[in-house]
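Engineer: I have a structure I would like to understand better, so I am pasting it below and will then ask my questions one at a time.
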Amino acid sequence: AVLVIAALAGACAAPLKTTAPSFRLPSEYRSFIRWEGLEVAIDPIDTVEKSNAIFGTDMWEAMVLPLHLIVRNTGSHEFEIAAVQIFGVTGGGELANSYTLDQAAVRVRESSIGTTAATGALLGGVAGAAAGAAIGGAIAGGRGAGTGAAVGAATGGVVGTAEGTSDSIAHRFRRELAAQDFGNRVIRPGYIEQGFLYMKWAQYESVRLLLFDITTNKRQEISVPIGVVRPPKTNP
């Protein structure tokens, strides 16, 4: 049984596990724009290699496109960027807002990435039973194997159930995504800020942002051209 479950886990996408990304100054990216001393760059995480390096898995499997937003304030004004006023724009002129953290977490949970996490929890329960049987057998010369298996199954099953429920996995994924989320930011003079937006996967041609200059109470809409390498799945 352990081998069967392990095989199923191996056939799924790797689990979600985020790490702090490395990045360059905004002006060194191809998708870059400057307004009133505020430099903005957007780097789509659209390849297997880029996604694995930051999220530990290929987010394409969940049809969630992370956009890495890097901002540097080289001026003397304070700026605010609100995530709800950031939109991906397709070649056909369609606009898409980013997912909320809850929406993104559910998308990942319902994909093969989430299947890996659930299967891993189940595997832990089965392995607990096997380990219990081995320990029981060693102690009682085989007579305690049944008892050991029962104890191991109970312990492993409790852990597997607690960690393998849909809600617990989605919550864990939400925490991982929140750690890298751009959200709403105030960018003070001299500051560099970075984080991710989680978009529905599409081949966007630009990203529209509404910048707010807090110092002058002035708003400015800007468009940052981008390119997305991989198309969305035909059957997501």
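Scheme for the structure tokens: letters A, B, ... for chains in order shown; per-chain residue numbers from 1; ligand numbers from 1 in order shown.
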Could you pull the residues within 6 Å of A:Ser206, counting only C-alpha atoms, minus those fewer than 4 positions along the same chain, as a list of chain:residue names?

Structural biologist: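 Neighbouring residues, sequence-local ones excluded: A:Val89, A:Val224, A:Pro225, A:Ile226.
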
Engineer: Could you give me, as a ChimeraX atom specification, the residues within 9 Å of stretch 64-72 of chain A, counting only C-alpha atoms and dropping anything in the same chain fewer than 6 positions from it?

Structural biologist: /A:23-26,37-46,51,99,104,107-108,182,187-202

Engineer: Nearest to A:Asn235 among A:Val84, A:Ala62, A:Ile113, A:Ala96, with distances taken over only C-alpha atoms: which residue is it?

Structural biologist: A:Ala62

Engineer: Kindly indicate which residue among A:Arg109, A:His77, A:Glu49, A:Arg30 lies nearest to A:Arg172, using only C-alpha atoms for the distances.

Structural biologist: A:Arg109

Engineer: Which residue, A:Glu78, A:Phe32, A:Thr19, A:Gly56, has the smallest gap to A:Arg219 when you use only C-alpha atoms?

Structural biologist: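 Checking each of A:Glu78, A:Phe32, A:Thr19, A:Gly56 against A:Arg219, counting only C-alpha atoms, the winner is A:Glu78.
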
Engineer: Have a look at atom CA of A:Glu61 and atom CA of A:Thr47 and let me know their distance in Å, one decimal.

Structural biologist: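 Interatomic distance here is 11.3 Å.
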